[in-house]
>>> print(open('upload-v9.cif').read())   # mmCIF, C-alpha atoms
data_data
#
loop_
_atom_site.group_PDB
_atom_site.id
_atom_site.type_symbol
_atom_site.label_atom_id
_atom_site.label_comp_id
_atom_site.auth_asym_id
_atom_site.auth_seq_id
_atom_site.Cartn_x
_atom_site.Cartn_y
_atom_site.Cartn_z
ATOM 1 C CA MET A 1 108.656 97.910 66.827
ATOM 2 C CA THR A 2 108.864 94.139 66.352
ATOM 3 C CA LEU A 3 111.845 92.331 67.836
ATOM 4 C CA SER A 4 113.393 89.318 66.202
ATOM 5 C CA ARG A 5 113.001 85.889 67.785
ATOM 6 C CA SER A 6 116.675 85.761 68.806
ATOM 7 C CA THR A 7 116.479 89.197 70.412
ATOM 8 C CA ARG A 8 113.418 88.188 72.417
ATOM 9 C CA MET A 9 115.183 85.047 73.616
ATOM 10 C CA VAL A 10 118.233 87.056 74.714
ATOM 11 C CA LEU A 11 116.041 89.530 76.590
ATOM 12 C CA ARG A 12 114.170 86.708 78.317
ATOM 13 C CA CYS A 13 117.414 85.019 79.368
ATOM 14 C CA LEU A 14 118.782 88.305 80.708
ATOM 15 C CA THR A 15 115.548 88.911 82.621
ATOM 16 C CA VAL A 16 115.676 85.462 84.190
ATOM 17 C CA LEU A 17 119.372 85.923 85.056
ATOM 18 C CA ILE A 18 118.828 89.318 86.690
ATOM 19 C CA LEU A 19 115.802 88.110 88.662
ATOM 20 C CA GLY A 20 117.775 85.021 89.719
ATOM 21 C CA VAL A 21 120.653 87.125 91.034
ATOM 22 C CA ILE A 22 118.184 89.220 93.046
ATOM 23 C CA TYR A 23 115.808 86.599 94.393
ATOM 24 C CA VAL A 24 117.739 83.314 94.675
ATOM 25 C CA PRO A 25 119.759 84.596 97.694
ATOM 26 C CA LEU A 26 116.506 85.696 99.330
ATOM 27 C CA ALA A 27 115.017 82.269 98.705
ATOM 28 C CA LEU A 28 118.076 80.669 100.342
ATOM 29 C CA VAL A 29 117.541 82.807 103.453
ATOM 30 C CA VAL A 30 113.920 81.655 103.612
ATOM 31 C CA VAL A 31 114.908 77.982 103.258
ATOM 32 C CA ASN A 32 117.674 78.318 105.847
ATOM 33 C CA SER A 33 115.206 79.753 108.342
ATOM 34 C CA PHE A 34 113.678 76.236 108.361
ATOM 35 C CA ASN A 35 116.974 74.329 108.023
ATOM 36 C CA VAL A 36 117.458 71.947 110.942
ATOM 37 C CA ASN A 37 121.252 72.254 110.592
ATOM 38 C CA LYS A 38 122.723 75.315 112.337
ATOM 39 C CA THR A 39 125.596 75.403 109.836
ATOM 40 C CA PHE A 40 123.074 75.463 106.967
ATOM 41 C CA ALA A 41 124.324 72.346 105.222
ATOM 42 C CA TRP A 42 123.007 72.188 101.689
ATOM 43 C CA PRO A 43 120.694 70.663 100.683
ATOM 44 C CA PRO A 44 118.816 70.731 104.005
ATOM 45 C CA ARG A 45 118.737 67.379 105.765
ATOM 46 C CA ASP A 46 115.419 68.223 107.364
ATOM 47 C CA LEU A 47 113.156 71.179 108.072
ATOM 48 C CA THR A 48 112.073 72.551 111.430
ATOM 49 C CA LEU A 49 110.073 75.387 112.984
ATOM 50 C CA GLU A 50 112.396 75.534 115.999
ATOM 51 C CA TRP A 51 114.181 78.711 114.844
ATOM 52 C CA TRP A 52 110.871 80.492 114.275
ATOM 53 C CA LYS A 53 109.786 79.537 117.792
ATOM 54 C CA ARG A 54 113.041 80.848 119.257
ATOM 55 C CA ALA A 55 112.769 84.062 117.247
ATOM 56 C CA ALA A 56 109.272 84.636 118.628
ATOM 57 C CA GLU A 57 110.699 84.229 122.147
ATOM 58 C CA SER A 58 113.770 86.423 121.555
ATOM 59 C CA GLN A 59 113.260 89.553 123.640
ATOM 60 C CA GLY A 60 116.060 91.390 121.845
ATOM 61 C CA ALA A 61 114.466 90.798 118.447
ATOM 62 C CA LEU A 62 111.009 91.766 119.712
ATOM 63 C CA ASP A 63 112.330 94.999 121.252
ATOM 64 C CA ALA A 64 114.152 95.842 118.032
ATOM 65 C CA LEU A 65 110.996 95.138 116.011
ATOM 66 C CA TRP A 66 108.989 97.504 118.207
ATOM 67 C CA VAL A 67 111.608 100.235 117.786
ATOM 68 C CA SER A 68 111.580 99.789 113.994
ATOM 69 C CA VAL A 69 107.787 99.985 113.850
ATOM 70 C CA ARG A 70 107.660 103.132 116.005
ATOM 71 C CA VAL A 71 110.431 104.807 114.018
ATOM 72 C CA GLY A 72 108.772 103.882 110.722
ATOM 73 C CA LEU A 73 105.382 105.220 111.776
ATOM 74 C CA ALA A 74 106.813 108.464 113.167
ATOM 75 C CA ALA A 75 109.049 109.089 110.150
ATOM 76 C CA THR A 76 106.149 108.334 107.801
ATOM 77 C CA ALA A 77 103.847 110.761 109.626
ATOM 78 C CA ILE A 78 106.442 113.537 109.368
ATOM 79 C CA ALA A 79 107.085 112.714 105.714
ATOM 80 C CA LEU A 80 103.375 112.818 104.858
ATOM 81 C CA VAL A 81 102.947 116.288 106.322
ATOM 82 C CA LEU A 82 106.156 117.891 105.075
ATOM 83 C CA GLY A 83 106.277 116.062 101.733
ATOM 84 C CA THR A 84 102.709 117.099 100.911
ATOM 85 C CA MET A 85 103.298 120.716 101.908
ATOM 86 C CA ILE A 86 106.461 120.930 99.797
ATOM 87 C CA ALA A 87 104.693 119.342 96.823
ATOM 88 C CA PHE A 88 101.882 121.900 97.019
ATOM 89 C CA ALA A 89 104.341 124.789 97.349
ATOM 90 C CA LEU A 90 106.434 123.712 94.366
ATOM 91 C CA GLN A 91 103.516 122.765 92.113
ATOM 92 C CA ARG A 92 100.986 125.504 92.834
ATOM 93 C CA PHE A 93 103.285 128.522 93.254
ATOM 94 C CA LYS A 94 106.032 130.064 91.150
ATOM 95 C CA PHE A 95 108.961 131.702 92.912
ATOM 96 C CA TYR A 96 112.651 132.328 92.435
ATOM 97 C CA GLY A 97 114.750 129.204 93.092
ATOM 98 C CA ARG A 98 111.865 126.742 92.777
ATOM 99 C CA ASP A 99 113.931 124.297 90.687
ATOM 100 C CA ALA A 100 116.793 124.475 93.186
ATOM 101 C CA VAL A 101 114.433 123.710 96.069
ATOM 102 C CA SER A 102 112.995 120.764 94.136
ATOM 103 C CA LEU A 103 116.503 119.378 93.616
ATOM 104 C CA LEU A 104 117.381 119.797 97.290
ATOM 105 C CA VAL A 105 114.221 117.935 98.321
ATOM 106 C CA ILE A 106 115.038 114.951 96.106
ATOM 107 C CA LEU A 107 118.789 114.936 96.814
ATOM 108 C CA PRO A 108 118.723 112.941 100.127
ATOM 109 C CA ILE A 109 117.453 109.823 98.350
ATOM 110 C CA ALA A 110 120.318 110.018 95.850
ATOM 111 C CA LEU A 111 123.150 110.628 98.316
ATOM 112 C CA PRO A 112 125.066 107.598 99.631
ATOM 113 C CA GLY A 113 123.649 106.518 102.968
ATOM 114 C CA ILE A 114 127.030 106.718 104.675
ATOM 115 C CA VAL A 115 127.405 110.375 103.639
ATOM 116 C CA THR A 116 123.942 111.226 104.950
ATOM 117 C CA GLY A 117 124.623 109.306 108.165
ATOM 118 C CA ILE A 118 127.920 111.058 108.872
ATOM 119 C CA ALA A 119 126.430 114.471 108.092
ATOM 120 C CA LEU A 120 123.451 113.921 110.392
ATOM 121 C CA ASN A 121 125.652 112.493 113.131
ATOM 122 C CA ASN A 122 127.836 115.602 113.073
ATOM 123 C CA ALA A 123 124.806 117.887 112.965
ATOM 124 C CA PHE A 124 123.076 116.202 115.909
ATOM 125 C CA ARG A 125 126.109 115.839 118.160
ATOM 126 C CA THR A 126 128.339 118.778 117.233
ATOM 127 C CA ILE A 127 125.998 121.562 116.123
ATOM 128 C CA LEU A 128 122.775 120.800 118.015
ATOM 129 C CA GLY A 129 124.358 119.048 120.985
ATOM 130 C CA LEU A 130 121.753 116.280 120.985
ATOM 131 C CA GLU A 131 122.197 112.821 122.408
ATOM 132 C CA LEU A 132 121.670 110.160 119.775
ATOM 133 C CA GLY A 133 118.496 108.141 120.331
ATOM 134 C CA PHE A 134 114.957 107.558 119.131
ATOM 135 C CA ILE A 135 114.290 111.158 118.067
ATOM 136 C CA THR A 136 117.462 111.412 116.008
ATOM 137 C CA ILE A 137 116.616 108.163 114.200
ATOM 138 C CA VAL A 138 113.141 109.473 113.349
ATOM 139 C CA VAL A 139 114.490 112.779 112.042
ATOM 140 C CA ALA A 140 117.167 110.974 110.023
ATOM 141 C CA HIS A 141 114.649 108.608 108.439
ATOM 142 C CA ALA A 142 112.232 111.438 107.715
ATOM 143 C CA THR A 143 114.872 113.186 105.578
ATOM 144 C CA PHE A 144 114.677 110.499 102.903
ATOM 145 C CA CYS A 145 111.072 109.364 103.523
ATOM 146 C CA ILE A 146 109.912 112.855 102.559
ATOM 147 C CA VAL A 147 111.178 112.205 99.042
ATOM 148 C CA THR A 148 108.843 109.264 98.419
ATOM 149 C CA VAL A 149 105.792 111.196 99.613
ATOM 150 C CA PHE A 150 106.848 114.300 97.686
ATOM 151 C CA ASN A 151 107.291 112.361 94.428
ATOM 152 C CA ASN A 152 103.879 110.687 94.719
ATOM 153 C CA VAL A 153 101.994 113.843 95.644
ATOM 154 C CA ILE A 154 103.602 116.167 93.105
ATOM 155 C CA ALA A 155 103.035 113.616 90.340
ATOM 156 C CA ARG A 156 99.334 113.483 91.259
ATOM 157 C CA LEU A 157 99.076 117.282 91.424
ATOM 158 C CA ARG A 158 100.644 117.608 87.990
ATOM 159 C CA ARG A 159 98.221 115.063 86.526
ATOM 160 C CA THR A 160 95.035 116.420 88.099
ATOM 161 C CA GLY A 161 95.775 120.128 87.800
ATOM 162 C CA SER A 162 93.771 122.721 89.714
ATOM 163 C CA GLN A 163 90.679 123.027 87.501
ATOM 164 C CA LEU A 164 88.368 121.143 89.860
ATOM 165 C CA GLU A 165 89.486 123.200 92.844
ATOM 166 C CA GLN A 166 88.962 126.418 90.889
ATOM 167 C CA ALA A 167 85.511 125.258 89.797
ATOM 168 C CA SER A 168 84.600 124.422 93.390
ATOM 169 C CA ALA A 169 85.753 127.852 94.566
ATOM 170 C CA ASP A 170 83.935 129.635 91.712
ATOM 171 C CA LEU A 171 80.723 127.845 92.648
ATOM 172 C CA GLY A 172 80.922 129.066 96.241
ATOM 173 C CA ALA A 173 82.575 126.247 98.197
ATOM 174 C CA SER A 174 84.811 127.314 101.059
ATOM 175 C CA SER A 175 88.530 126.494 101.084
ATOM 176 C CA PHE A 176 88.099 123.835 103.762
ATOM 177 C CA THR A 177 85.175 122.203 101.926
ATOM 178 C CA THR A 178 87.122 122.241 98.659
ATOM 179 C CA PHE A 179 90.093 120.578 100.307
ATOM 180 C CA ARG A 180 87.943 118.002 102.107
ATOM 181 C CA LEU A 181 85.778 116.993 99.151
ATOM 182 C CA VAL A 182 87.945 117.786 96.131
ATOM 183 C CA THR A 183 91.659 118.019 96.884
ATOM 184 C CA PHE A 184 92.015 115.299 99.499
ATOM 185 C CA PRO A 185 90.027 112.631 97.584
ATOM 186 C CA LEU A 186 92.213 113.275 94.541
ATOM 187 C CA LEU A 187 95.378 112.877 96.627
ATOM 188 C CA ARG A 188 94.218 110.070 98.925
ATOM 189 C CA SER A 189 95.679 107.131 97.020
ATOM 190 C CA ALA A 190 98.915 109.029 96.313
ATOM 191 C CA LEU A 191 99.291 109.818 100.016
ATOM 192 C CA LEU A 192 98.622 106.207 100.978
ATOM 193 C CA ALA A 193 101.070 104.868 98.398
ATOM 194 C CA GLY A 194 103.725 107.381 99.452
ATOM 195 C CA GLY A 195 103.179 106.560 103.123
ATOM 196 C CA LEU A 196 103.498 102.814 102.507
ATOM 197 C CA LEU A 197 106.711 103.284 100.544
ATOM 198 C CA ALA A 198 108.097 105.627 103.194
ATOM 199 C CA PHE A 199 107.396 103.101 105.949
ATOM 200 C CA ALA A 200 109.032 100.293 103.964
ATOM 201 C CA LEU A 201 112.057 102.483 103.285
ATOM 202 C CA SER A 202 112.395 103.368 106.959
ATOM 203 C CA PHE A 203 111.796 99.846 108.242
ATOM 204 C CA ASP A 204 114.778 98.248 106.518
ATOM 205 C CA GLU A 205 117.207 101.185 106.678
ATOM 206 C CA ILE A 206 120.511 100.373 108.390
ATOM 207 C CA ILE A 207 123.326 102.660 107.164
ATOM 208 C CA VAL A 208 121.856 106.004 108.229
ATOM 209 C CA THR A 209 120.465 104.371 111.379
ATOM 210 C CA THR A 210 123.925 103.147 112.395
ATOM 211 C CA PHE A 211 125.191 106.730 112.575
ATOM 212 C CA THR A 212 122.133 108.220 114.293
ATOM 213 C CA ALA A 213 120.879 105.529 116.699
ATOM 214 C CA GLY A 214 123.363 105.825 119.543
ATOM 215 C CA ALA A 215 123.991 103.027 122.028
ATOM 216 C CA ASN A 216 120.532 102.775 123.582
ATOM 217 C CA GLN A 217 118.374 102.244 120.490
ATOM 218 C CA GLN A 218 118.467 99.231 118.199
ATOM 219 C CA THR A 219 116.258 98.753 115.148
ATOM 220 C CA LEU A 220 115.609 95.349 113.623
ATOM 221 C CA PRO A 221 118.162 95.686 110.777
ATOM 222 C CA ILE A 222 120.837 96.709 113.304
ATOM 223 C CA TRP A 223 119.896 93.756 115.513
ATOM 224 C CA ILE A 224 120.354 91.437 112.514
ATOM 225 C CA PHE A 225 123.765 92.914 111.715
ATOM 226 C CA ASN A 226 124.961 92.686 115.321
ATOM 227 C CA ASN A 227 123.927 89.013 115.598
ATOM 228 C CA LEU A 228 124.967 87.936 112.118
ATOM 229 C CA PHE A 229 128.393 86.670 113.206
ATOM 230 C CA ARG A 230 127.253 84.964 116.406
ATOM 231 C CA GLY A 231 126.989 81.251 115.706
ATOM 232 C CA GLN A 232 124.247 80.540 118.237
ATOM 233 C CA GLN A 233 122.111 83.409 116.971
ATOM 234 C CA LEU A 234 122.597 82.800 113.246
ATOM 235 C CA PRO A 235 119.495 80.592 112.734
ATOM 236 C CA ILE A 236 117.331 83.162 114.533
ATOM 237 C CA THR A 237 118.924 85.904 112.464
ATOM 238 C CA ASN A 238 117.744 84.165 109.294
ATOM 239 C CA VAL A 239 114.202 84.078 110.641
ATOM 240 C CA VAL A 240 114.277 87.771 111.544
ATOM 241 C CA ALA A 241 115.702 88.573 108.099
ATOM 242 C CA VAL A 242 112.745 86.790 106.486
ATOM 243 C CA ILE A 243 110.368 88.805 108.670
ATOM 244 C CA VAL A 244 112.064 92.054 107.604
ATOM 245 C CA VAL A 245 111.721 91.060 103.943
ATOM 246 C CA LEU A 246 108.037 90.236 104.372
ATOM 247 C CA LEU A 247 107.272 93.423 106.292
ATOM 248 C CA SER A 248 109.053 95.425 103.581
ATOM 249 C CA ILE A 249 107.392 93.669 100.643
ATOM 250 C CA ILE A 250 103.826 94.049 101.909
ATOM 251 C CA PRO A 251 103.662 97.887 101.902
ATOM 252 C CA VAL A 252 105.571 98.053 98.603
ATOM 253 C CA TYR A 253 103.087 95.616 97.035
ATOM 254 C CA PHE A 254 100.060 97.599 98.169
ATOM 255 C CA ALA A 255 101.671 100.886 97.105
ATOM 256 C CA HIS A 256 102.269 99.395 93.653
ATOM 257 C CA ARG A 257 98.663 98.209 93.457
ATOM 258 C CA LEU A 258 97.341 101.618 94.478
ATOM 259 C CA THR A 259 99.482 103.417 91.906
ATOM 260 C CA ARG A 260 98.523 100.971 89.165
ATOM 261 C CA GLU A 261 94.809 101.100 89.902
ATOM 262 C CA GLU A 262 94.886 104.894 90.033
ATOM 263 C CA SER A 263 96.621 105.025 86.643
ATOM 264 C CA ILE A 264 93.985 102.729 85.130
ATOM 265 C CA SER A 265 91.226 104.823 86.689
ATOM 266 C CA ALA A 266 92.783 108.032 85.348
ATOM 267 C CA ARG A 267 92.942 106.599 81.820
ATOM 268 C CA GLY A 268 89.333 105.488 82.068
ATOM 269 C CA GLY A 269 88.070 108.899 83.195
ATOM 270 C CA GLY A 270 86.511 107.915 86.532
ATOM 271 C CA GLY A 271 84.194 110.065 88.591
ATOM 272 C CA ALA A 272 86.652 112.699 89.763
ATOM 273 C CA ALA A 273 84.829 115.372 87.798
ATOM 274 C CA THR A 274 81.877 115.164 90.167
ATOM 275 C CA ALA A 275 83.985 116.184 93.188
ATOM 276 C CA ALA A 276 83.528 119.909 92.625
ATOM 277 C CA GLU A 277 79.770 119.488 92.352
ATOM 278 C CA SER A 278 79.747 117.534 95.635
ATOM 279 C CA ALA A 279 81.698 120.285 97.355
ATOM 280 C CA VAL A 280 79.195 122.877 96.232
ATOM 281 C CA VAL A 281 76.221 120.780 97.370
ATOM 282 C CA VAL A 282 77.733 120.269 100.839
ATOM 283 C CA ASN A 283 78.709 123.890 101.143
#
>>> encode(input="upload-v9.cif", output="structure tokens")
Amino acid sequence: MTLSRSTRMVLRCLTVLILGVIYVPLALVVVNSFNVNKTFAWPPRDLTLEWWKRAAESQGALDALWVSVRVGLAATAIALVLGTMIAFALQRFKFYGRDAVSLLVILPIALPGIVTGIALNNAFRTILGLELGFITIVVAHATFCIVTVFNNVIARLRRTGSQLEQASADLGASSFTTFRLVTFPLLRSALLAGGLLAFALSFDEIIVTTFTAGANQQTLPIWIFNNLFRGQQLPITNVVAVIVVLLSIIPVYFAHRLTREESISARGGGGAATAAESAVVVN
């Protein structure tokens, strides 16, 4: 379908407008992290690295960063294991209620964060009698990180099918050898992409974290929110916000690259068909 010249111009203008609404505020945060004026007078009178130096020396920000990294890694590890297992169960086996289970797995990512946070807070404190802290944050983040891993893995399983695994088994390879040399290589990029997205999702989460962190744990997004309205801390808060954006963009970028390269490889054929033969040779 060929679009008219006027239609193309309208679409381009809308694209630029939408991207401007999304990214201009982020660009302002980046510029203000170098703004010499604490009140962020615009345009900046001068630029400085003073706020970045103070942010690097802020023990509260460093502690919050370490908590966010540990929570993200733990939640991602849980999501990789459980999300992959669920994907295999739903894709490779047929059972009553499979569609309902699939919906329930995906639902946490669609629910409002405040609803999920309140529900988990009540479950941890009222039903389980747990004290809110690091473990409850990890469990809370894992509930929605599982979705990203599940979506990546089940999409790969649907595209690759089970023919190579069946061929490997028919030719005498053991189950472990088939998984190691056939199944895992086919899923490797999907697992990595899902893990990167899960970590990024966990790293900048604030709503669910607010309801499940308790008083003794503070992630980086919560640290930013708590210091946002403190005049002396505001310049440092801008620096930390830029760091959060960068640490969130990097895994998303690599996950996008992995997914794109895998799609191109799948269209081109690739060498996946030799995996079953390799499994048989090793076995």
>>> residues_around(input="upload-v9.cif", residues="A:Ala79", least_positions_apart="4", cutoff="10 Å", atoms="all atoms listed in the file", output="ChimeraX atom specification")
/A:73-75,83-85,139,141-150,194-195,198-199
>>> closest_residue(input="upload-v9.cif", among="A:Thr209, A:Asn35, A:Thr183, A:Gln163", to="A:Phe225", atoms="all atoms listed in the file")
A:Thr209
>>> resolve_selection(input="upload-v9.cif", expression="the PyMOL selection byres ((chain A and resi 28) around 12)", output="ChimeraX atom specification")
/A:20-27,29-35,40-44,238-239,241-242
>>> axis_aligned_box(input="upload-v9.cif", around="stretch 251-257 of chain A", padding_each_side="3 Å", output="AutoDock Vina command-line options")
--center_x 102.1 --center_y 98.3 --center_z 97.7 --size_x 12.9 --size_y 11.3 --size_z 14.4
>>> atom_distance(input="upload-v9.cif", atom1="atom CA of A:Ile224", atom2="atom CA of A:Leu132")
20.1 Å
>>> closest_residue(input="upload-v9.cif", among="A:Asn151, A:Pro235, A:Val69, A:Gly60", to="A:Leu103", atoms="all atoms listed in the file")
A:Asn151
>>> residues_near_point(input="upload-v9.cif", point="(121.7, 84.9, 114.2)", cutoff="10 Å", atoms="all atoms listed in the file", output="ChimeraX atom specification")
/A:38,51,55,223-241
>>> resolve_selection(input="upload-v9.cif", expression="the PyMOL selection byres ((chain A and resi 213) around 9)", output="VMD selection string")
chain A and resid 132 to 137 208 to 212 214 to 219
>>> write_last_selection(input="upload-v9.cif", atoms="C-alpha atoms", output="PDB file, in the frame of the given file")
ATOM      1  CA  LEU A 132     121.670 110.160 119.775  1.00  0.00           C
ATOM      2  CA  GLY A 133     118.496 108.141 120.331  1.00  0.00           C
ATOM      3  CA  PHE A 134     114.957 107.558 119.131  1.00  0.00           C
ATOM      4  CA  ILE A 135     114.290 111.158 118.067  1.00  0.00           C
ATOM      5  CA  THR A 136     117.462 111.412 116.008  1.00  0.00           C
ATOM      6  CA  ILE A 137     116.616 108.163 114.200  1.00  0.00           C
ATOM      7  CA  VAL A 208     121.856 106.004 108.229  1.00  0.00           C
ATOM      8  CA  THR A 209     120.465 104.371 111.379  1.00  0.00           C
ATOM      9  CA  THR A 210     123.925 103.147 112.395  1.00  0.00           C
ATOM     10  CA  PHE A 211     125.191 106.730 112.575  1.00  0.00           C
ATOM     11  CA  THR A 212     122.133 108.220 114.293  1.00  0.00           C
ATOM     12  CA  GLY A 214     123.363 105.825 119.543  1.00  0.00           C
ATOM     13  CA  ALA A 215     123.991 103.027 122.028  1.00  0.00           C
ATOM     14  CA  ASN A 216     120.532 102.775 123.582  1.00  0.00           C
ATOM     15  CA  GLN A 217     118.374 102.244 120.490  1.00  0.00           C
ATOM     16  CA  GLN A 218     118.467  99.231 118.199  1.00  0.00           C
ATOM     17  CA  THR A 219     116.258  98.753 115.148  1.00  0.00           C
TER      18      THR A 219
END
>>> resolve_selection(input="upload-v9.cif", expression="the PyMOL selection byres ((chain A and resi 204-207) around 8)", output="list in words")
Gly113, Ile114, Gly117, Ala200, Leu201, Ser202, Phe203, Val208, Thr209, Thr210, Phe211, Leu220, Pro221, Ile222, Val244 and Ser248 of chain A
>>> atom_distance(input="upload-v9.cif", atom1="atom CA of A:Asn152", atom2="atom CA of A:Leu90")
13.3 Å
>>> atom_distance(input="upload-v9.cif", atom1="atom CA of A:Arg156", atom2="atom CA of A:Leu187")
6.7 Å
>>> closest_residue(input="upload-v9.cif", among="A:Arg257, A:Arg98, A:Lys53, A:Arg8", to="A:Ala193", atoms="all atoms listed in the file")
A:Arg257
